[in-house]
$ cat protein25.cif   # mmCIF, C-alpha atoms
data_entry
loop_
_atom_site.group_PDB
_atom_site.id
_atom_site.type_symbol
_atom_site.label_atom_id
_atom_site.label_comp_id
_atom_site.auth_asym_id
_atom_site.auth_seq_id
_atom_site.Cartn_x
_atom_site.Cartn_y
_atom_site.Cartn_z
ATOM 1 C CA MET E 657 0.000 0.000 0.000
ATOM 2 C CA THR E 658 1.267 3.463 -0.897
ATOM 3 C CA SER E 659 2.145 5.632 2.106
ATOM 4 C CA SER E 660 0.918 9.183 2.566
ATOM 5 C CA THR E 661 4.515 10.427 2.404
ATOM 6 C CA SER E 662 5.029 8.810 -0.994
ATOM 7 C CA LEU E 663 1.789 10.324 -2.269
ATOM 8 C CA ALA E 664 2.846 13.754 -1.007
ATOM 9 C CA ASN E 665 6.183 13.381 -2.772
ATOM 10 C CA ALA E 666 4.375 12.458 -5.974
ATOM 11 C CA TRP E 667 2.220 15.567 -5.724
ATOM 12 C CA ARG E 668 5.389 17.640 -5.403
ATOM 13 C CA LEU E 669 6.736 16.353 -8.718
ATOM 14 C CA PRO E 670 5.393 19.300 -10.773
ATOM 15 C CA ARG E 671 7.110 21.803 -8.495
ATOM 16 C CA ASP E 672 10.299 19.730 -8.407
ATOM 17 C CA PHE E 673 10.384 19.353 -12.179
ATOM 18 C CA ALA E 674 10.012 23.109 -12.649
ATOM 19 C CA LEU E 675 12.840 23.811 -10.199
ATOM 20 C CA ILE E 676 15.097 21.214 -11.824
ATOM 21 C CA THR E 677 14.738 22.744 -15.282
ATOM 22 C CA VAL E 678 15.564 26.192 -13.925
ATOM 23 C CA ALA E 679 18.561 24.808 -12.030
ATOM 24 C CA VAL E 680 19.897 23.098 -15.153
ATOM 25 C CA GLU E 681 19.438 26.258 -17.219
ATOM 26 C CA ALA E 682 21.168 28.365 -14.568
ATOM 27 C CA ALA E 683 24.088 25.952 -14.337
ATOM 28 C CA ILE E 684 24.642 25.967 -18.104
ATOM 29 C CA VAL E 685 24.433 29.750 -18.279
ATOM 30 C CA GLY E 686 26.834 30.029 -15.362
ATOM 31 C CA VAL E 687 29.378 27.865 -17.136
ATOM 32 C CA ARG E 688 28.891 29.603 -20.466
ATOM 33 C CA PHE E 689 28.815 33.229 -19.388
ATOM 34 C CA GLY E 690 30.551 33.182 -16.025
ATOM 35 C CA ARG E 691 33.857 34.365 -17.399
ATOM 36 C CA GLN E 692 32.199 37.063 -19.490
ATOM 37 C CA LEU E 693 30.162 38.302 -16.544
ATOM 38 C CA SER E 694 33.234 38.485 -14.302
ATOM 39 C CA SER E 695 35.133 40.608 -16.832
ATOM 40 C CA ALA E 696 32.201 42.440 -18.399
ATOM 41 C CA SER E 697 33.501 45.916 -17.551
ATOM 42 C CA GLU E 698 36.952 45.252 -19.011
ATOM 43 C CA ASP E 699 36.849 42.922 -21.968
ATOM 44 C CA SER E 700 33.380 42.325 -23.327
ATOM 45 C CA GLY E 701 32.440 45.909 -24.136
ATOM 46 C CA TYR E 702 28.752 45.099 -23.783
ATOM 47 C CA GLY E 703 26.496 47.928 -22.697
ATOM 48 C CA LEU E 704 23.934 47.610 -19.961
ATOM 49 C CA GLU E 705 21.109 47.323 -22.471
ATOM 50 C CA VAL E 706 22.808 44.290 -24.053
ATOM 51 C CA TRP E 707 23.132 42.523 -20.719
ATOM 52 C CA LEU E 708 19.517 43.391 -19.894
ATOM 53 C CA GLY E 709 18.371 41.978 -23.199
ATOM 54 C CA MET E 710 20.286 38.765 -22.584
ATOM 55 C CA ALA E 711 18.907 38.536 -19.047
ATOM 56 C CA ALA E 712 15.336 39.053 -20.267
ATOM 57 C CA ASN E 713 15.784 36.417 -22.947
ATOM 58 C CA LEU E 714 17.197 33.917 -20.463
ATOM 59 C CA ALA E 715 14.546 34.673 -17.848
ATOM 60 C CA MET E 716 11.727 34.073 -20.292
ATOM 61 C CA ALA E 717 13.332 30.819 -21.431
ATOM 62 C CA TRP E 718 13.528 29.696 -17.803
ATOM 63 C CA VAL E 719 9.912 30.644 -17.129
ATOM 64 C CA LEU E 720 8.718 28.806 -20.233
ATOM 65 C CA SER E 721 10.759 25.678 -19.544
ATOM 66 C CA ALA E 722 9.605 25.610 -15.907
ATOM 67 C CA ALA E 723 5.960 26.052 -16.923
ATOM 68 C CA LEU E 724 6.173 23.253 -19.491
ATOM 69 C CA ALA E 725 7.971 20.883 -17.112
ATOM 70 C CA TRP E 726 5.350 21.614 -14.441
ATOM 71 C CA SER E 727 2.612 20.930 -17.001
ATOM 72 C CA HIS E 728 4.017 17.543 -18.021
ATOM 73 C CA ALA E 729 4.316 16.386 -14.421
ATOM 74 C CA ARG E 730 0.865 17.679 -13.472
ATOM 75 C CA GLN E 731 -0.660 16.032 -16.524
ATOM 76 C CA ALA E 732 0.893 12.731 -15.465
ATOM 77 C CA LEU E 733 -0.552 13.166 -11.970
ATOM 78 C CA GLU E 734 -4.046 13.769 -13.263
ATOM 79 C CA VAL E 735 -3.990 11.009 -15.873
ATOM 80 C CA ARG E 736 -2.149 8.256 -13.966
ATOM 81 C CA GLY E 737 -2.703 9.299 -10.361
ATOM 82 C CA ALA E 738 -0.164 9.913 -7.625
ATOM 83 C CA ALA E 739 -0.114 6.243 -6.586
ATOM 84 C CA ARG E 740 1.346 5.207 -9.914
ATOM 85 C CA LEU E 741 3.934 7.965 -9.918
ATOM 86 C CA THR E 742 5.260 6.720 -6.594
ATOM 87 C CA GLN E 743 6.403 3.613 -8.487
ATOM 88 C CA LEU E 744 8.782 5.643 -10.651
ATOM 89 C CA ARG E 745 12.470 5.123 -10.005
ATOM 90 C CA GLY E 746 14.525 8.294 -9.703
ATOM 91 C CA PRO E 747 12.382 10.665 -11.792
ATOM 92 C CA HIS E 748 14.287 13.707 -10.519
ATOM 93 C CA VAL E 749 17.681 12.303 -11.500
ATOM 94 C CA ARG E 750 16.424 11.128 -14.875
ATOM 95 C CA LEU E 751 14.894 14.521 -15.611
ATOM 96 C CA ALA E 752 18.034 16.406 -14.615
ATOM 97 C CA GLY E 753 20.296 14.136 -16.665
ATOM 98 C CA ALA E 754 18.147 14.106 -19.769
ATOM 99 C CA TYR E 755 17.459 17.833 -19.716
ATOM 100 C CA LEU E 756 21.120 18.618 -19.123
ATOM 101 C CA ILE E 757 22.144 16.599 -22.170
ATOM 102 C CA VAL E 758 19.498 18.214 -24.376
ATOM 103 C CA ARG E 759 20.345 21.755 -23.320
ATOM 104 C CA VAL E 760 24.104 21.224 -23.591
ATOM 105 C CA LEU E 761 23.595 20.072 -27.168
ATOM 106 C CA GLU E 762 21.458 23.147 -27.842
ATOM 107 C CA TYR E 763 23.844 25.641 -26.236
ATOM 108 C CA PHE E 764 27.158 24.241 -27.407
ATOM 109 C CA VAL E 765 26.291 22.509 -30.694
ATOM 110 C CA LEU E 766 23.126 23.933 -32.242
ATOM 111 C CA SER E 767 23.611 27.585 -31.277
ATOM 112 C CA PRO E 768 27.218 27.815 -32.563
ATOM 113 C CA TRP E 769 26.090 26.126 -35.764
ATOM 114 C CA LEU E 770 23.273 28.649 -36.237
ATOM 115 C CA TYR E 771 25.683 31.449 -35.393
ATOM 116 C CA GLY E 772 28.096 30.208 -38.062
ATOM 117 C CA LEU E 773 25.280 30.259 -40.588
ATOM 118 C CA GLU E 774 24.357 33.792 -39.453
ATOM 119 C CA LEU E 775 20.921 32.580 -38.466
ATOM 120 C CA LEU E 776 21.131 32.753 -34.682
ATOM 121 C CA TYR E 777 19.889 36.325 -34.377
ATOM 122 C CA MET E 778 17.356 36.035 -37.166
ATOM 123 C CA PRO E 779 13.701 35.088 -36.549
ATOM 124 C CA GLY E 780 14.277 31.635 -38.034
ATOM 125 C CA GLY E 781 17.143 30.920 -35.647
ATOM 126 C CA ARG E 782 15.135 32.072 -32.635
ATOM 127 C CA LEU E 783 12.215 29.880 -33.665
ATOM 128 C CA VAL E 784 14.543 26.890 -33.951
ATOM 129 C CA GLN E 785 15.811 27.628 -30.440
ATOM 130 C CA LEU E 786 12.231 27.884 -29.163
ATOM 131 C CA ALA E 787 11.357 24.555 -30.796
ATOM 132 C CA MET E 788 14.452 22.977 -29.247
ATOM 133 C CA LEU E 789 13.449 24.255 -25.815
ATOM 134 C CA VAL E 790 9.914 22.874 -26.079
ATOM 135 C CA LEU E 791 11.057 19.537 -27.496
ATOM 136 C CA GLY E 792 13.850 19.308 -24.930
ATOM 137 C CA VAL E 793 11.435 19.703 -22.028
ATOM 138 C CA TRP E 794 9.079 17.153 -23.569
ATOM 139 C CA LEU E 795 11.854 14.590 -24.126
ATOM 140 C CA ALA E 796 13.342 15.034 -20.646
ATOM 141 C CA THR E 797 9.977 14.757 -18.889
ATOM 142 C CA TRP E 798 9.019 11.769 -21.027
ATOM 143 C CA ILE E 799 12.184 9.985 -19.930
ATOM 144 C CA ALA E 800 11.655 10.983 -16.297
ATOM 145 C CA LEU E 801 8.000 9.909 -16.229
ATOM 146 C CA ARG E 802 8.439 6.745 -18.248
ATOM 147 C CA GLN E 803 7.009 3.815 -16.345
ATOM 148 C CA GLY E 804 8.879 0.584 -15.890
ATOM 149 C CA THR E 805 7.310 -2.829 -15.594
ATOM 150 C CA GLN E 806 6.770 -2.421 -11.859
ATOM 151 C CA ALA E 807 4.933 0.880 -12.312
ATOM 152 C CA SER E 808 2.909 -0.451 -15.227
ATOM 153 C CA ALA E 809 1.703 -3.302 -13.059
ATOM 154 C CA ALA E 810 0.157 -0.905 -10.501
ATOM 155 C CA SER E 811 -3.564 -0.947 -10.021
ATOM 156 C CA SER E 812 -5.371 0.645 -12.953
ATOM 157 C CA ASP E 813 -7.764 2.499 -10.657
ATOM 158 C CA ALA E 814 -5.063 3.912 -8.356
ATOM 159 C CA GLY E 815 -5.416 7.330 -9.905
ATOM 160 C CA VAL E 816 -9.101 7.594 -9.065
ATOM 161 C CA ALA E 817 -8.615 7.589 -5.311
ATOM 162 C CA ASP E 818 -5.919 10.275 -5.273
ATOM 163 C CA ALA E 819 -7.118 12.456 -8.145
ATOM 164 C CA ALA E 820 -7.750 15.461 -5.904
ATOM 165 C CA ALA E 821 -4.891 17.737 -4.901
ATOM 166 C CA PRO E 822 -3.711 17.533 -1.268
ATOM 167 C CA PRO E 823 -4.951 20.091 1.281
ATOM 168 C CA GLY E 824 -3.249 23.468 1.147
ATOM 169 C CA ALA E 825 -2.701 23.434 -2.610
ATOM 170 C CA TRP E 826 -3.630 26.433 -4.725
ATOM 171 C CA SER E 827 -7.119 26.476 -6.174
ATOM 172 C CA GLY E 828 -7.631 25.303 -9.708
ATOM 173 C CA ARG E 829 -8.600 28.808 -10.752
ATOM 174 C CA THR E 830 -5.356 30.337 -9.491
ATOM 175 C CA THR E 831 -3.182 27.589 -10.930
ATOM 176 C CA VAL E 832 -4.754 27.770 -14.380
ATOM 177 C CA ALA E 833 -4.491 31.563 -14.484
ATOM 178 C CA LEU E 834 -0.834 31.498 -13.388
ATOM 179 C CA LEU E 835 0.073 28.886 -15.994
ATOM 180 C CA ILE E 836 -1.696 30.804 -18.755
ATOM 181 C CA ALA E 837 0.020 34.043 -17.741
ATOM 182 C CA ALA E 838 3.489 32.462 -17.537
ATOM 183 C CA VAL E 839 3.287 30.853 -20.974
ATOM 184 C CA PHE E 840 1.691 33.926 -22.560
ATOM 185 C CA ALA E 841 4.251 36.412 -21.245
ATOM 186 C CA SER E 842 7.320 34.245 -21.851
ATOM 187 C CA THR E 843 6.275 33.322 -25.393
ATOM 188 C CA GLN E 844 5.465 36.939 -26.184
ATOM 189 C CA VAL E 845 8.893 38.137 -25.023
ATOM 190 C CA TRP E 846 10.556 35.330 -26.965
ATOM 191 C CA CYS E 847 8.752 36.482 -30.119
ATOM 192 C CA VAL E 848 9.899 40.061 -29.496
ATOM 193 C CA MET E 849 13.469 38.857 -29.077
ATOM 194 C CA ALA E 850 13.171 36.976 -32.349
ATOM 195 C CA VAL E 851 12.116 40.104 -34.214
ATOM 196 C CA ASP E 852 14.484 42.337 -32.168
ATOM 197 C CA PRO E 853 13.051 45.678 -33.301
ATOM 198 C CA TRP E 854 14.854 47.708 -30.629
ATOM 199 C CA ASN E 855 18.452 47.059 -31.669
ATOM 200 C CA GLU E 856 19.037 50.498 -33.146
ATOM 201 C CA VAL E 857 16.805 52.380 -30.742
ATOM 202 C CA GLU E 858 18.638 51.058 -27.687
ATOM 203 C CA ARG E 859 21.807 52.887 -28.679
ATOM 204 C CA THR E 860 20.132 56.222 -28.084
ATOM 205 C CA LEU E 861 18.516 55.368 -24.762
ATOM 206 C CA ASN E 862 19.954 55.936 -21.323
ATOM 207 C CA ARG E 863 20.531 53.263 -18.693
ATOM 208 C CA VAL E 864 17.084 53.493 -17.103
ATOM 209 C CA VAL E 865 14.755 53.166 -20.067
ATOM 210 C CA PRO E 866 16.140 49.787 -21.246
ATOM 211 C CA PHE E 867 15.595 48.354 -17.785
ATOM 212 C CA LEU E 868 11.998 49.572 -17.734
ATOM 213 C CA GLY E 869 11.513 48.398 -21.304
ATOM 214 C CA PHE E 870 12.626 44.845 -20.555
ATOM 215 C CA LEU E 871 10.990 44.586 -17.128
ATOM 216 C CA GLY E 872 7.710 46.447 -17.553
ATOM 217 C CA PRO E 873 6.066 44.824 -20.614
ATOM 218 C CA PRO E 874 6.524 41.193 -19.483
ATOM 219 C CA LEU E 875 5.075 41.965 -16.052
ATOM 220 C CA LEU E 876 2.182 43.873 -17.600
ATOM 221 C CA LEU E 877 1.421 41.072 -20.056
ATOM 222 C CA PHE E 878 1.655 38.530 -17.246
ATOM 223 C CA ALA E 879 -0.859 40.502 -15.180
ATOM 224 C CA LEU E 880 -3.280 40.953 -18.081
ATOM 225 C CA ALA E 881 -3.115 37.304 -19.155
ATOM 226 C CA PHE E 882 -3.598 36.227 -15.545
ATOM 227 C CA TRP E 883 -6.655 38.463 -15.311
ATOM 228 C CA GLY E 884 -8.064 37.025 -18.527
ATOM 229 C CA GLY E 885 -7.511 33.443 -17.400
ATOM 230 C CA TRP E 886 -8.993 34.228 -13.986
ATOM 231 C CA LEU E 887 -12.125 35.668 -15.566
ATOM 232 C CA GLY E 888 -12.308 32.776 -18.014
ATOM 233 C CA ILE E 889 -12.479 30.179 -15.261
ATOM 234 C CA GLY E 890 -15.261 32.126 -13.572
ATOM 235 C CA ARG E 891 -16.396 32.196 -9.973
ATOM 236 C CA GLY E 892 -15.709 29.418 -7.546
ATOM 237 C CA PRO E 893 -12.554 27.391 -6.883
ATOM 238 C CA GLY E 894 -12.290 26.340 -10.518
ATOM 239 C CA PRO E 895 -11.732 22.906 -12.036
ATOM 240 C CA ALA E 896 -10.604 20.076 -9.762
ATOM 241 C CA ARG E 897 -8.393 18.814 -12.576
ATOM 242 C CA ILE E 898 -6.079 21.459 -13.960
ATOM 243 C CA ARG E 899 -5.599 19.898 -17.385
ATOM 244 C CA PRO E 900 -2.422 21.973 -17.840
ATOM 245 C CA PHE E 901 -2.093 21.606 -21.576
ATOM 246 C CA ARG E 902 -5.492 23.184 -22.033
ATOM 247 C CA ALA E 903 -4.058 26.208 -20.231
ATOM 248 C CA VAL E 904 -0.972 26.130 -22.462
ATOM 249 C CA ALA E 905 -3.182 25.872 -25.541
ATOM 250 C CA ALA E 906 -5.340 28.749 -24.303
ATOM 251 C CA SER E 907 -2.334 31.035 -23.802
ATOM 252 C CA VAL E 908 -0.729 30.211 -27.161
ATOM 253 C CA LEU E 909 -4.005 30.529 -29.062
ATOM 254 C CA ALA E 910 -4.800 33.819 -27.329
ATOM 255 C CA LEU E 911 -1.345 35.165 -28.200
ATOM 256 C CA VAL E 912 -1.709 34.190 -31.853
ATOM 257 C CA LEU E 913 -5.145 35.803 -32.094
ATOM 258 C CA VAL E 914 -4.052 38.987 -30.313
ATOM 259 C CA VAL E 915 -0.953 39.432 -32.461
ATOM 260 C CA GLY E 916 -2.803 38.517 -35.646
ATOM 261 C CA SER E 917 -5.688 40.886 -34.949
ATOM 262 C CA CYS E 918 -3.402 43.807 -34.122
ATOM 263 C CA ALA E 919 -1.174 43.140 -37.142
ATOM 264 C CA ALA E 920 -4.170 43.102 -39.471
ATOM 265 C CA LEU E 921 -5.541 46.314 -37.982
ATOM 266 C CA PHE E 922 -2.105 47.921 -38.191
ATOM 267 C CA PHE E 923 -1.783 47.316 -41.927
ATOM 268 C CA VAL E 924 -5.351 48.477 -42.563
ATOM 269 C CA GLY E 925 -4.805 51.579 -40.448
ATOM 270 C CA LEU E 926 -1.421 52.246 -42.052
ATOM 271 C CA ALA E 927 -3.001 52.349 -45.471
ATOM 272 C CA ALA E 928 -5.773 54.608 -44.191
ATOM 273 C CA VAL E 929 -3.344 57.001 -42.487
ATOM 274 C CA LEU E 930 -0.472 57.324 -44.930
ATOM 275 C CA VAL E 931 -2.066 57.075 -48.353
ATOM 276 C CA PRO E 932 -4.520 60.007 -48.093
ATOM 277 C CA SER E 933 -2.029 62.234 -46.228
ATOM 278 C CA SER E 934 -1.021 65.390 -48.074
ATOM 279 C CA SER E 935 2.027 66.080 -45.889
ATOM 280 C CA SER E 936 4.636 64.005 -44.127
ATOM 281 C CA MET E 937 3.859 65.631 -40.768
ATOM 282 C CA ALA E 938 0.196 64.723 -41.050
ATOM 283 C CA GLY E 939 1.145 61.162 -41.881
ATOM 284 C CA LEU E 940 3.544 61.010 -38.937
ATOM 285 C CA GLY E 941 0.900 62.304 -36.529
ATOM 286 C CA GLY E 942 -1.617 59.786 -37.797
ATOM 287 C CA LEU E 943 0.943 56.997 -37.446
ATOM 288 C CA ILE E 944 1.633 57.954 -33.810
ATOM 289 C CA VAL E 945 -2.093 57.916 -33.070
ATOM 290 C CA LEU E 946 -2.427 54.550 -34.808
ATOM 291 C CA VAL E 947 0.388 53.011 -32.749
ATOM 292 C CA GLY E 948 -1.120 54.368 -29.529
ATOM 293 C CA VAL E 949 -4.524 52.912 -30.387
ATOM 294 C CA LEU E 950 -2.973 49.560 -31.247
ATOM 295 C CA VAL E 951 -1.099 49.418 -27.937
ATOM 296 C CA LEU E 952 -4.303 50.001 -26.001
ATOM 297 C CA LEU E 953 -6.145 47.531 -28.207
ATOM 298 C CA TYR E 954 -3.426 44.944 -27.639
ATOM 299 C CA LEU E 955 -3.838 45.219 -23.884
ATOM 300 C CA VAL E 956 -7.619 44.982 -24.063
ATOM 301 C CA LEU E 957 -7.565 42.043 -26.476
ATOM 302 C CA THR E 958 -5.120 40.194 -24.238
ATOM 303 C CA VAL E 959 -7.685 40.146 -21.453
ATOM 304 C CA LEU E 960 -10.770 39.567 -23.584
ATOM 305 C CA LEU E 961 -9.399 36.860 -25.872
ATOM 306 C CA THR E 962 -7.660 35.027 -23.034
ATOM 307 C CA ARG E 963 -10.916 35.060 -21.078
ATOM 308 C CA PHE E 964 -12.950 33.831 -24.066
ATOM 309 C CA ILE E 965 -10.571 31.023 -25.065
ATOM 310 C CA THR E 966 -10.051 29.857 -21.484
ATOM 311 C CA ARG E 967 -13.790 29.703 -20.962
ATOM 312 C CA ARG E 968 -14.258 27.635 -24.122
ATOM 313 C CA LEU E 969 -11.458 25.172 -23.381
ATOM 314 C CA TYR E 970 -12.349 24.660 -19.711
ATOM 315 C CA ARG E 971 -16.127 24.590 -20.078
ATOM 316 C CA PRO E 972 -16.315 20.773 -19.700
ATOM 317 C CA TYR E 973 -14.473 20.970 -16.356
ATOM 318 C CA LEU E 974 -16.362 23.868 -14.741
#
$ encode --input "protein25.cif" --output "structure tokens"
Amino acid sequence: MTSSTSLANAWRLPRDFALITVAVEAAIVGVRFGRQLSSASEDSGYGLEVWLGMAANLAMAWVLSAALAWSHARQALEVRGAARLTQLRGPHVRLAGAYLIVRVLEYFVLSPWLYGLELLYMPGGRLVQLAMLVLGVWLATWIALRQGTQASAASSDAGVADAAAPPGAWSGRTTVALLIAAVFASTQVWCVMAVDPWNEVERTLNRVVPFLGFLGPPLLLFALAFWGGWLGIGRGPGPARIRPFRAVAASVLALVLVVGSCAALFFVGLAAVLVPSSSSMAGLGGLIVLVGVLVLLYLVLTVLLTRFITRRLYRPYL
């Protein structure tokens, strides 16, 4: 019979998996950039805005990898049940080893190869890196959660008795909203890094504005996506089963719809503003107004579309 301690350890797997992925990422970055960071003021010549951009990129990668690792472990808990996961042998060690191998290959083999092809800092290179991150988390968690013959022989109904989260856990509504917000904000920042529109502008900014530029938007997007997911789940504690990949799907789909809607409106508005303009100043003023409207619209659509999609995807569980 499975002890209560073993069941509690199984329920901590999502948190442990998230922490392990962050620890592996931090260790690799420490090895790769430790020497550069220690001599940044003397040899590297990087400005503060460059280091802030790198830090923002790394932070969003860590948030995304942690959210995905948490999702895989939580999905296994809800599908198999905690009793079956207690039969796993060394899932933490297997996850750490597998993820370390995958990320070392990405950092020290794939990235230099893309850099040699001059693709690393192009959108295509960033998308390849994003795909490698997602696939790396999936492969590592698959290896860590793979059941042996002993685990496969566990009772098929073991997951029914321990399907509910232990006392003291966050409500389903809070957990879903946090997961949606984390994936939405990290993926959005990754997309911005892939396009990198601020490379030339940063050279003219002081040392305060870059910090606010890298810190403010992700936190704002996180808050808005969290609000949308919170409203989408509705009143009450929320679903008993988190179904994490529904939250991931909701955040990605909401991001695609928000970006697509604003891009379409931008091109329509650009044609309406610039073509009829009789002077360059009038066109510039109209363009500034258009950008301001799109920024506000982006924020509003983030909440509304996230709420709508979350409600649709979680309706069977509410």
$ closest_residue --input "protein25.cif" --among "E:Ala683, E:Cys918, E:Thr742, E:Leu926" --to "Leu952 (chain E)" --atoms "all atoms listed in the file"
E:Cys918
$ axis_aligned_box --input "protein25.cif" --around "region 716-727 of chain E" --padding-each-side "3 Å" --output "lines of an AutoDock Vina configuration file"
center_x = 8.1
center_y = 27.5
center_z = -17.9
size_x = 16.9
size_y = 19.2
size_z = 13.0
$ resolve_selection --input "protein25.cif" --expression "the PyMOL selection byres ((chain E and resi 666) around 9)" --output "compact mmCIF listing (two decimals) with C-alpha atoms, keeping the file's coordinate frame"
# COMPACT_ATOMS: atom_id res chain seq x y z
CA THR E 661 4.51 10.43 2.40
CA SER E 662 5.03 8.81 -0.99
CA LEU E 663 1.79 10.32 -2.27
CA ALA E 664 2.85 13.75 -1.01
CA ASN E 665 6.18 13.38 -2.77
CA TRP E 667 2.22 15.57 -5.72
CA ARG E 668 5.39 17.64 -5.40
CA LEU E 669 6.74 16.35 -8.72
CA PRO E 670 5.39 19.30 -10.77
CA LEU E 733 -0.55 13.17 -11.97
CA GLY E 737 -2.70 9.30 -10.36
CA ALA E 738 -0.16 9.91 -7.62
CA ALA E 739 -0.11 6.24 -6.59
CA ARG E 740 1.35 5.21 -9.91
CA LEU E 741 3.93 7.96 -9.92
CA THR E 742 5.26 6.72 -6.59
$ closest_residue --input "protein25.cif" --among "E:Pro873, E:Gly686, E:Gly916, E:Gly828" --to "Ser842 (chain E)" --atoms "all atoms listed in the file"
E:Pro873
$ closest_residue --input "protein25.cif" --among "E:Ala717, E:Ala881, E:Val760, E:Val915" --to "Val687 (chain E)" --atoms "all atoms listed in the file"
E:Val760
$ residues_around --input "protein25.cif" --residues "Pro972 (chain E)" --least-positions-apart "4" --cutoff "12 Å" --atoms "all atoms listed in the file" --output "JSON, numbers by chain"
{"E": [889, 894, 895, 896, 897, 898, 899, 902, 966, 967, 968]}
$ atom_distance --input "protein25.cif" --atom1 "CA of Leu961 (chain E)" --atom2 "CA of Leu789 (chain E)"
26.1 Å
$ atom_distance --input "protein25.cif" --atom1 "CA of Leu801 (chain E)" --atom2 "CA of Arg688 (chain E)"
29.0 Å
$ atom_distance --input "protein25.cif" --atom1 "CA of Met710 (chain E)" --atom2 "CA of Val680 (chain E)"
17.3 Å
$ resolve_selection --input "protein25.cif" --expression "the PyMOL selection byres ((chain E and resi 796) around 6)" --output "JSON, numbers by chain"
{"E": [751, 754, 755, 793, 794, 795, 797, 798, 799]}
$ residues_near_point --input "protein25.cif" --point "(-16.6, 33.0, -14.9)" --cutoff "10 Å" --atoms "all atoms listed in the file" --output "PyMOL selection string"
chain E and resi 829+885-892+894+963-964+966-967+971+974
$ closest_residue --input "protein25.cif" --among "E:Leu943, E:Gln731, E:Arg750, E:Leu953" --to "Val914 (chain E)" --atoms "all atoms listed in the file"
E:Leu953
$ resolve_selection --input "protein25.cif" --expression "the PyMOL selection byres ((chain E and resi 845) around 9)" --output "PyMOL selection string"
chain E and resi 712-713+716+840-844+846-850+870+873-874
